[in-house]
file work_0.cif (mmCIF, C-alpha atoms and all ligand atoms)
data_target
#
loop_
_atom_site.label_atom_id
_atom_site.label_comp_id
_atom_site.auth_asym_id
_atom_site.auth_seq_id
_atom_site.Cartn_x
_atom_site.Cartn_y
_atom_site.Cartn_z
CA MET A 1 10.29 43.73 60.57
CA LYS A 2 8.88 43.67 64.09
CA GLU A 3 11.26 43.40 67.04
CA ASN A 4 10.33 39.81 67.96
CA GLN A 5 10.55 38.73 64.31
CA GLN A 6 14.00 40.32 64.01
CA ALA A 7 15.12 38.57 67.20
CA MET A 8 14.15 35.19 65.77
CA VAL A 9 15.88 35.86 62.46
CA ASP A 10 19.01 37.01 64.37
CA GLN A 11 18.93 33.77 66.37
CA LEU A 12 19.30 31.81 63.12
CA LYS A 13 22.19 33.86 61.70
CA GLY A 14 25.05 31.76 60.35
CA GLY A 15 23.47 28.55 61.60
CA LEU A 16 22.28 25.19 60.39
CA ILE A 17 18.56 24.45 60.17
CA VAL A 18 17.84 20.76 59.85
CA SER A 19 14.84 19.71 57.80
CA CYS A 20 13.46 16.63 59.57
CA GLN A 21 11.06 14.96 57.17
CA ALA A 22 10.28 11.41 56.17
CA LYS A 23 8.10 10.19 53.34
CA LYS A 24 5.63 7.38 53.91
CA GLU A 25 7.53 5.17 51.47
CA ASP A 26 10.93 5.78 53.15
CA PRO A 27 12.46 2.80 55.00
CA ILE A 28 12.89 5.02 58.08
CA PHE A 29 9.22 6.09 58.19
CA LEU A 30 8.64 4.73 61.70
CA PRO A 31 6.76 6.07 64.73
CA GLY A 32 8.88 8.61 66.60
CA ILE A 33 11.36 9.11 63.75
CA ILE A 34 10.73 12.85 63.37
CA SER A 35 11.32 13.48 67.10
CA ALA A 36 14.46 11.35 66.94
CA PHE A 37 15.73 13.40 63.97
CA ALA A 38 14.86 16.62 65.77
CA GLU A 39 16.65 15.57 68.98
CA SER A 40 19.68 14.47 66.96
CA ALA A 41 19.71 17.81 65.14
CA ILE A 42 19.53 19.65 68.46
CA TRP A 43 22.32 17.52 69.95
CA GLY A 44 24.39 18.32 66.87
CA GLY A 45 24.00 22.07 67.27
CA ALA A 46 21.24 23.01 64.84
CA VAL A 47 19.80 26.49 65.39
CA GLY A 48 16.39 25.62 63.96
CA LEU A 49 14.24 22.88 62.46
CA ARG A 50 12.12 22.60 59.33
CA LEU A 51 9.15 20.25 59.70
CA ASN A 52 6.45 19.00 57.36
CA THR A 53 2.88 18.39 58.58
CA PRO A 54 1.02 19.69 61.63
CA GLU A 55 1.43 16.23 63.15
CA SER A 56 5.25 16.41 63.08
CA ILE A 57 5.21 19.96 64.43
CA ARG A 58 2.95 18.96 67.32
CA GLU A 59 5.25 16.02 68.06
CA VAL A 60 8.43 18.10 68.16
CA ARG A 61 7.14 21.37 69.67
CA PRO A 62 7.34 20.18 73.31
CA LEU A 63 10.97 19.11 72.79
CA THR A 64 12.48 22.48 71.92
CA LYS A 65 12.21 26.24 71.95
CA LEU A 66 14.32 26.49 68.79
CA PRO A 67 12.53 28.17 65.89
CA ILE A 68 10.45 25.74 63.87
CA ILE A 69 9.84 26.42 60.20
CA GLY A 70 6.59 24.65 59.45
CA LEU A 71 5.04 23.59 56.19
CA TRP A 72 2.50 21.11 54.92
CA LYS A 73 3.15 19.39 51.63
CA GLN A 74 -0.07 18.70 49.80
CA ASP A 75 -0.34 17.43 46.25
CA SER A 76 -3.30 18.69 44.31
CA GLU A 77 -4.79 17.84 40.98
CA GLY A 78 -3.87 20.21 38.18
CA SER A 79 -1.20 22.17 40.09
CA ASP A 80 2.50 21.71 40.83
CA VAL A 81 2.27 23.92 43.93
CA PHE A 82 2.67 21.65 46.93
CA ILE A 83 4.34 23.49 49.83
CA THR A 84 1.55 24.79 52.13
CA PRO A 85 -0.66 25.69 49.17
CA THR A 86 -3.79 26.95 50.99
CA MET A 87 -4.74 29.15 53.94
CA GLU A 88 -6.28 26.08 55.60
CA ALA A 89 -2.85 24.45 55.51
CA VAL A 90 -1.20 27.66 56.81
CA ARG A 91 -3.62 27.79 59.76
CA ALA A 92 -3.08 24.13 60.63
CA VAL A 93 0.73 24.52 60.58
CA LEU A 94 0.64 27.63 62.78
CA GLU A 95 -1.89 26.14 65.18
CA ALA A 96 0.42 23.14 65.57
CA GLY A 97 3.13 25.48 66.89
CA ALA A 98 5.38 26.56 64.02
CA ASP A 99 7.18 29.90 64.41
CA ILE A 100 7.86 30.49 60.72
CA ILE A 101 5.52 29.50 57.93
CA ALA A 102 7.06 28.18 54.71
CA VAL A 103 4.96 28.52 51.57
CA ASP A 104 5.38 28.09 47.85
CA ALA A 105 5.65 31.65 46.57
CA THR A 106 6.49 30.86 42.97
CA ASP A 107 4.89 32.40 39.93
CA ARG A 108 2.90 29.23 39.32
CA TYR A 109 -0.79 28.56 39.60
CA ALA A 110 -2.10 26.91 42.75
CA ALA A 111 -5.10 24.60 42.50
CA SER A 112 -7.31 27.55 43.54
CA GLY A 113 -6.51 29.23 40.22
CA LYS A 114 -4.55 31.98 41.97
CA LYS A 115 -0.80 32.47 41.63
CA ALA A 116 1.07 30.76 44.49
CA PHE A 117 2.68 34.03 45.67
CA GLU A 118 -0.77 35.51 46.35
CA ILE A 119 -0.83 33.61 49.61
CA ILE A 120 1.73 36.03 51.11
CA PRO A 121 -0.60 39.03 51.56
CA GLN A 122 -3.30 36.67 52.81
CA ILE A 123 -1.00 35.35 55.55
CA LYS A 124 0.09 38.86 56.48
CA GLY A 125 -3.54 39.93 56.79
CA GLU A 126 -4.42 37.07 59.10
CA TYR A 127 -1.11 36.60 60.96
CA PRO A 128 0.74 39.93 60.99
CA ASP A 129 3.28 38.72 63.57
CA VAL A 130 4.29 35.50 61.84
CA LEU A 131 7.52 35.23 59.86
CA ILE A 132 6.97 34.10 56.29
CA LEU A 133 9.56 32.04 54.41
CA ALA A 134 8.91 32.06 50.67
CA ASP A 135 10.11 28.96 48.84
CA ILE A 136 10.95 30.08 45.32
CA ARG A 137 12.76 28.98 42.15
CA ASN A 138 14.87 31.99 41.12
CA ALA A 139 15.97 35.58 41.83
CA GLU A 140 12.93 37.15 40.20
CA GLU A 141 10.50 35.17 42.35
CA ALA A 142 12.63 35.87 45.44
CA ARG A 143 12.47 39.63 44.90
CA HIS A 144 8.75 39.53 44.22
CA ALA A 145 8.02 37.48 47.34
CA LEU A 146 9.92 39.92 49.55
CA GLN A 147 8.20 42.89 47.92
CA LEU A 148 4.87 41.25 48.75
CA GLY A 149 5.91 41.06 52.40
CA ALA A 150 7.69 37.75 52.93
CA HIS A 151 10.57 38.09 55.40
CA ILE A 152 12.81 35.30 54.16
CA VAL A 153 13.32 33.57 50.82
CA ALA A 154 14.96 30.26 49.98
CA PRO A 155 15.63 28.66 46.58
CA THR A 156 14.06 25.42 47.83
CA LEU A 157 12.30 24.91 44.52
CA TYR A 158 15.22 25.71 42.18
CA ARG A 159 15.05 22.17 40.79
CA PHE A 160 11.51 22.82 39.58
CA GLY A 161 12.51 25.74 37.35
CA ASP A 162 13.20 25.54 33.63
CA ASN A 163 16.41 23.64 32.86
CA PRO A 164 17.88 23.38 36.35
CA LYS A 165 21.68 23.11 36.24
CA SER A 166 21.55 20.08 38.45
CA ILE A 167 18.90 18.27 40.43
CA ASP A 168 21.24 16.78 42.98
CA SER A 169 23.70 19.55 43.78
CA PRO A 170 23.15 23.13 44.93
CA ASP A 171 23.04 26.06 42.52
CA PHE A 172 25.45 28.57 44.06
CA GLU A 173 25.31 30.97 41.13
CA MET A 174 21.56 31.17 41.66
CA LEU A 175 22.11 31.83 45.38
CA ALA A 176 24.50 34.68 44.58
CA ASN A 177 21.98 36.14 42.11
CA ILE A 178 19.21 35.92 44.68
CA VAL A 179 21.36 37.63 47.32
CA ARG A 180 22.17 40.45 44.87
CA ALA A 181 18.58 40.83 43.66
CA THR A 182 17.11 41.00 47.15
CA ASP A 183 19.65 43.30 48.81
CA GLY A 184 17.94 45.25 51.58
CA LEU A 185 14.55 43.60 51.02
CA GLY A 186 14.86 40.62 53.39
CA HIS A 187 16.89 37.57 54.29
CA VAL A 188 18.02 34.68 52.11
CA PHE A 189 18.34 31.14 53.41
CA MET A 190 20.15 28.58 51.29
CA GLU A 191 18.15 25.40 50.82
CA GLY A 192 18.25 22.59 48.32
CA LYS A 193 20.80 19.79 47.95
CA ILE A 194 23.39 21.12 50.36
CA ASN A 195 25.27 17.89 50.86
CA THR A 196 28.42 18.82 52.80
CA PRO A 197 29.61 21.19 55.55
CA GLU A 198 31.83 22.89 52.97
CA GLU A 199 28.79 23.67 50.81
CA ALA A 200 27.04 25.12 53.84
CA ILE A 201 30.03 27.37 54.51
CA GLN A 202 30.14 28.37 50.84
CA SER A 203 26.46 29.37 51.11
CA LEU A 204 27.23 31.65 54.05
CA TYR A 205 30.15 33.20 52.18
CA LEU A 206 27.82 33.96 49.26
CA GLY A 207 25.45 35.80 51.56
CA ALA A 208 23.01 33.23 52.92
CA HIS A 209 21.77 34.16 56.38
CA ALA A 210 21.33 30.51 57.38
CA VAL A 211 21.46 27.12 55.68
CA VAL A 212 18.76 24.45 55.59
CA VAL A 213 19.86 20.85 55.11
CA GLY A 214 17.46 17.93 54.81
CA SER A 215 18.24 14.87 52.73
CA ALA A 216 21.97 14.71 53.49
CA ILE A 217 21.18 14.40 57.19
CA THR A 218 17.75 12.83 57.48
CA ARG A 219 17.34 10.59 54.43
CA PRO A 220 19.93 7.83 54.84
CA HIS A 221 19.00 6.07 51.61
CA LEU A 222 19.94 9.24 49.72
CA THR A 223 23.17 9.61 51.67
CA THR A 224 23.92 6.01 50.74
CA LEU A 225 23.04 6.71 47.11
CA SER A 226 25.46 9.65 47.07
CA PHE A 227 28.24 7.18 47.83
CA THR A 228 27.10 4.36 45.56
CA ARG A 229 26.36 6.66 42.63
CA LYS A 230 29.91 7.95 42.60
CA MET A 231 31.41 4.56 43.32
CA ASN A 232 29.36 3.17 40.40
CA LYS A 233 30.70 5.91 38.12
CA TYR A 234 27.41 7.84 38.07
CA ASP A 235 25.58 4.91 36.56
CA LYS A 236 22.34 5.56 38.47
CA LYS A 237 20.07 8.48 37.67
CA MET A 238 18.41 10.19 40.62
CA PRO A 239 14.70 10.93 40.20
CA LEU A 240 13.62 14.60 40.18
CA ARG A 241 11.26 14.48 43.12
CA TYR A 242 12.24 12.55 46.19
C1 LIG A 301 11.67 20.49 47.06
C2 LIG A 301 11.11 20.00 48.36
O1 LIG A 301 10.14 19.31 48.37
N1 LIG A 301 11.75 20.40 49.47
C3 LIG A 301 11.29 20.00 50.77
C4 LIG A 301 10.89 21.15 51.56
O2 LIG A 301 10.52 21.16 52.68
C5 LIG A 301 12.13 18.97 51.49
O3 LIG A 301 11.81 17.73 50.89
C6 LIG A 301 13.66 19.11 51.44
O4 LIG A 301 14.20 18.05 52.17
C7 LIG A 301 14.17 20.42 52.04
O5 LIG A 301 13.85 21.47 51.19
C8 LIG A 301 15.69 20.44 52.26
O6 LIG A 301 16.34 20.24 51.06
P1 LIG A 301 17.36 19.05 50.84
O7 LIG A 301 16.66 17.79 51.25
O8 LIG A 301 17.70 19.09 49.39
O9 LIG A 301 18.56 19.33 51.73
#

call {"tool": "encode", "arguments": {"input": "work_0.cif", "output": "structure tokens", "more": "lines below"}}
Ligand SMILES: CC(=O)N[C@H](C=O)[C@@H](O)[C@H](O)[C@H](O)COP(=O)(O)O
result
Amino acid sequence: MKENQQAMVDQLKGGLIVSCQAKKEDPIFLPGIISAFAESAIWGGAVGLRLNTPESIREVRPLTKLPIIGLWKQDSEGSDVFITPTMEAVRAVLEAGADIIAVDATDRYAASGKKAFEIIPQIKGEYPDVLILADIRNAEEARHALQLGAHIVAPTLYRFGDNPKSIDSPDFEMLANIVRATDGLGHVFMEGKINTPEEAIQSLYLGAHAVVVGSAITRPHLTTLSFTRKMNKYDKKMPLRY
């Protein structure tokens, strides 16, 4: 890893990265909401931010020098790959001011007909100085992504694997397996359904370099649901993708 890349990764060590995203259908999808989330995260001591869409990145970039992990979710016909699935999306995210590019690096087909992980060497060819965060589903994909040249992996997509243990709580055994399988190859961030500070600490204990939290902080309807679901004796089922 280059010196400036290492410095940025070091800056994130042991810290909380807040994913500030809102879906169009969310009640809180209002003008300025992403900046408000970002400012709140900064006030609260986050070491970095994870932002979806070039628009959100452009909005938040002037507010902070903290590392921004950028992505662009795009649904495409005939493919389940949706996190920054094309080089056009990568370019737009980086031009908007992201420091780290997050991409789907799973062993699944993108709409282009190529495997999702094939985007890693393409990014390295065009942006040799940019840090690449590979969003993957399991230890095998994590190892492969780092071997291809990604710098960081996160099990962001663990819920989209075969028979996920849970779709609304983190898979710590998977995290431990990823840490073991990638020893010496790169860094592991924990991401996906971290709902409490204790779970964040547990992730660090298991070897995560940093922890990304989204829904528990920035999607109040889901935070509400986490209370009501338990208070209603788990009567409500949570949908897979939200
Ligand atoms: C799977 C997917 O689309 N993940 C997205 C990736 O950017 C976001 O919707 C999540 O909020 C983020 O990964 C943080 O995870 P959680 O919200 O579980 O703390």

call {"tool": "closest_atom_pairs", "arguments": {"input": "work_0.cif", "of": "region 134-220 of chain A", "to": "region 20-27 of chain A", "cutoff": "10 Å", "atoms": "all atoms listed in the file", "output": "JSON lines"}}
result
{"residue": "A:Val213", "atom": "CA", "partner": "A:Cys20", "partner_atom": "CA", "distance": 8.9}
{"residue": "A:Gly214", "atom": "CA", "partner": "A:Cys20", "partner_atom": "CA", "distance": 6.4}
{"residue": "A:Ser215", "atom": "CA", "partner": "A:Gln21", "partner_atom": "CA", "distance": 8.4}
{"residue": "A:Ile217", "atom": "CA", "partner": "A:Cys20", "partner_atom": "CA", "distance": 8.4}
{"residue": "A:Thr218", "atom": "CA", "partner": "A:Cys20", "partner_atom": "CA", "distance": 6.1}
{"residue": "A:Arg219", "atom": "CA", "partner": "A:Ala22", "partner_atom": "CA", "distance": 7.3}
{"residue": "A:Pro220", "atom": "CA", "partner": "A:Pro27", "partner_atom": "CA", "distance": 9.0}

call {"tool": "residues_near_ligand", "arguments": {"input": "work_0.cif", "ligand": "ligand LIG 301 (chain A)", "cutoff": "8 Å", "atoms": "only C-alpha atoms and all ligand atoms", "output": "count of residues only"}}
result
31

call {"tool": "residues_around", "arguments": {"input": "work_0.cif", "residues": "Ser79 (chain A)", "least_positions_apart": "3", "cutoff": "9 Å", "atoms": "all atoms listed in the file", "output": "list in words"}}
result
Asp75, Ser76, Phe82, Arg108, Tyr109, Ala110, Ala111, Ser112 and Gly113 of chain A

call {"tool": "residues_around", "arguments": {"input": "work_0.cif", "residues": "region 180-183 of chain A", "least_positions_apart": "2", "cutoff": "8 Å", "atoms": "all atoms listed in the file", "output": "PyMOL selection string"}}
result
chain A and resi 139-140+142-143+146+176-178+185-187

call {"tool": "atom_distance", "arguments": {"input": "work_0.cif", "atom1": "CA of Glu199 (chain A)", "atom2": "CA of Met174 (chain A)"}}
result
13.9 Å

call {"tool": "residues_around", "arguments": {"input": "work_0.cif", "residues": "Val90 (chain A)", "least_positions_apart": "6", "cutoff": "9 Å", "atoms": "only C-alpha atoms", "output": "list in words"}}
result
Gly70, Leu71, Trp72, Thr84, Ile101, Ala102, Val103 and Ile123 of chain A

call {"tool": "residues_around", "arguments": {"input": "work_0.cif", "residues": "His144 (chain A)", "least_positions_apart": "5", "cutoff": "12 Å", "atoms": "all atoms listed in the file", "output": "PyMOL selection string"}}
result
chain A and resi 105-107+116-118+120-121+134-139+149-153+178+181-182+185-186

call {"tool": "write_last_selection", "arguments": {"input": "work_0.cif", "atoms": "C-alpha atoms", "output": "PDB file, in the frame of the given file"}}
result
ATOM      1  CA  ALA A 105       5.650  31.650  46.570  1.00  0.00           C
ATOM      2  CA  THR A 106       6.490  30.860  42.970  1.00  0.00           C
ATOM      3  CA  ASP A 107       4.890  32.400  39.930  1.00  0.00           C
ATOM      4  CA  ALA A 116       1.070  30.760  44.490  1.00  0.00           C
ATOM      5  CA  PHE A 117       2.680  34.030  45.670  1.00  0.00           C
ATOM      6  CA  GLU A 118      -0.770  35.510  46.350  1.00  0.00           C
ATOM      7  CA  ILE A 120       1.730  36.030  51.110  1.00  0.00           C
ATOM      8  CA  PRO A 121      -0.600  39.030  51.560  1.00  0.00           C
ATOM      9  CA  ALA A 134       8.910  32.060  50.670  1.00  0.00           C
ATOM     10  CA  ASP A 135      10.110  28.960  48.840  1.00  0.00           C
ATOM     11  CA  ILE A 136      10.950  30.080  45.320  1.00  0.00           C
ATOM     12  CA  ARG A 137      12.760  28.980  42.150  1.00  0.00           C
ATOM     13  CA  ASN A 138      14.870  31.990  41.120  1.00  0.00           C
ATOM     14  CA  ALA A 139      15.970  35.580  41.830  1.00  0.00           C
ATOM     15  CA  GLY A 149       5.910  41.060  52.400  1.00  0.00           C
ATOM     16  CA  ALA A 150       7.690  37.750  52.930  1.00  0.00           C
ATOM     17  CA  HIS A 151      10.570  38.090  55.400  1.00  0.00           C
ATOM     18  CA  ILE A 152      12.810  35.300  54.160  1.00  0.00           C
ATOM     19  CA  VAL A 153      13.320  33.570  50.820  1.00  0.00           C
ATOM     20  CA  ILE A 178      19.210  35.920  44.680  1.00  0.00           C
ATOM     21  CA  ALA A 181      18.580  40.830  43.660  1.00  0.00           C
ATOM     22  CA  THR A 182      17.110  41.000  47.150  1.00  0.00           C
ATOM     23  CA  LEU A 185      14.550  43.600  51.020  1.00  0.00           C
ATOM     24  CA  GLY A 186      14.860  40.620  53.390  1.00  0.00           C
TER      25      GLY A 186
END

call {"tool": "closest_residue", "arguments": {"input": "work_0.cif", "among": "A:Glu3, A:Glu88, A:Asp99, A:Asp80", "to": "Lys65 (chain A)", "atoms": "all atoms listed in the file"}}
result
A:Asp99

call {"tool": "build_atoms", "arguments": {"input": "work_0.cif", "residues": "region 62-94 of chain A", "atoms": "N, CA and C atoms", "output": "short mmCIF file (atom, residue, chain, number, x, y, z; two decimals), in the frame of the given file"}}
result
data_model
loop_
_atom_site.label_atom_id
_atom_site.label_comp_id
_atom_site.auth_asym_id
_atom_site.auth_seq_id
_atom_site.Cartn_x
_atom_site.Cartn_y
_atom_site.Cartn_z
N PRO A 62 7.01 20.24 71.88
CA PRO A 62 7.34 20.18 73.31
C PRO A 62 8.82 19.92 73.59
N LEU A 63 9.56 19.49 72.57
CA LEU A 63 10.97 19.11 72.79
C LEU A 63 11.93 20.28 72.75
N THR A 64 11.50 21.40 72.16
CA THR A 64 12.48 22.48 71.92
C THR A 64 11.83 23.86 71.80
N LYS A 65 12.63 24.86 72.16
CA LYS A 65 12.21 26.24 71.95
C LYS A 65 12.85 26.80 70.68
N LEU A 66 13.69 26.01 70.02
CA LEU A 66 14.32 26.49 68.79
C LEU A 66 13.24 26.84 67.76
N PRO A 67 13.51 27.83 66.93
CA PRO A 67 12.53 28.17 65.89
C PRO A 67 12.20 26.98 65.00
N ILE A 68 10.91 26.79 64.78
CA ILE A 68 10.45 25.74 63.87
C ILE A 68 9.86 26.39 62.62
N ILE A 69 10.43 26.03 61.48
CA ILE A 69 9.84 26.42 60.20
C ILE A 69 8.86 25.31 59.85
N GLY A 70 7.60 25.66 59.72
CA GLY A 70 6.59 24.65 59.45
C GLY A 70 6.03 24.76 58.05
N LEU A 71 5.68 23.63 57.50
CA LEU A 71 5.04 23.59 56.19
C LEU A 71 4.13 22.37 56.15
N TRP A 72 3.32 22.31 55.12
CA TRP A 72 2.50 21.11 54.92
C TRP A 72 2.46 20.83 53.43
N LYS A 73 3.13 19.75 53.04
CA LYS A 73 3.15 19.39 51.63
C LYS A 73 1.84 18.72 51.26
N GLN A 74 1.20 19.27 50.24
CA GLN A 74 -0.07 18.70 49.80
C GLN A 74 -0.10 18.68 48.27
N ASP A 75 -0.22 17.51 47.71
CA ASP A 75 -0.34 17.43 46.25
C ASP A 75 -1.77 17.72 45.85
N SER A 76 -1.93 18.48 44.79
CA SER A 76 -3.30 18.69 44.31
C SER A 76 -3.37 18.55 42.80
N GLU A 77 -4.51 18.09 42.40
CA GLU A 77 -4.79 17.84 40.98
C GLU A 77 -4.64 19.14 40.18
N GLY A 78 -3.92 19.06 39.08
CA GLY A 78 -3.87 20.21 38.18
C GLY A 78 -2.92 21.32 38.60
N SER A 79 -2.14 21.12 39.67
CA SER A 79 -1.20 22.17 40.09
C SER A 79 0.08 21.53 40.62
N ASP A 80 1.20 22.21 40.33
CA ASP A 80 2.50 21.71 40.83
C ASP A 80 2.85 22.33 42.18
N VAL A 81 1.99 23.23 42.66
CA VAL A 81 2.27 23.92 43.93
C VAL A 81 1.93 22.99 45.08
N PHE A 82 2.95 22.64 45.87
CA PHE A 82 2.67 21.65 46.93
C PHE A 82 3.13 22.05 48.32
N ILE A 83 3.89 23.13 48.48
CA ILE A 83 4.34 23.49 49.83
C ILE A 83 3.33 24.47 50.45
N THR A 84 2.58 24.00 51.41
CA THR A 84 1.55 24.79 52.13
C THR A 84 0.74 25.63 51.13
N PRO A 85 -0.04 24.97 50.29
CA PRO A 85 -0.66 25.69 49.17
C PRO A 85 -1.94 26.47 49.50
N THR A 86 -2.52 26.28 50.69
CA THR A 86 -3.79 26.95 50.99
C THR A 86 -3.73 27.61 52.38
N MET A 87 -4.66 28.51 52.62
CA MET A 87 -4.74 29.15 53.94
C MET A 87 -5.13 28.14 55.01
N GLU A 88 -5.92 27.13 54.64
CA GLU A 88 -6.28 26.08 55.60
C GLU A 88 -5.00 25.38 56.08
N ALA A 89 -4.12 25.11 55.15
CA ALA A 89 -2.85 24.45 55.51
C ALA A 89 -2.00 25.39 56.37
N VAL A 90 -1.97 26.67 56.03
CA VAL A 90 -1.20 27.66 56.81
C VAL A 90 -1.71 27.67 58.25
N ARG A 91 -3.02 27.74 58.41
CA ARG A 91 -3.62 27.79 59.76
C ARG A 91 -3.26 26.54 60.55
N ALA A 92 -3.36 25.39 59.92
CA ALA A 92 -3.08 24.13 60.63
C ALA A 92 -1.62 24.08 61.09
N VAL A 93 -0.71 24.54 60.24
CA VAL A 93 0.73 24.52 60.58
C VAL A 93 1.01 25.48 61.74
N LEU A 94 0.39 26.65 61.70
CA LEU A 94 0.64 27.63 62.78
C LEU A 94 -0.03 27.19 64.08
#
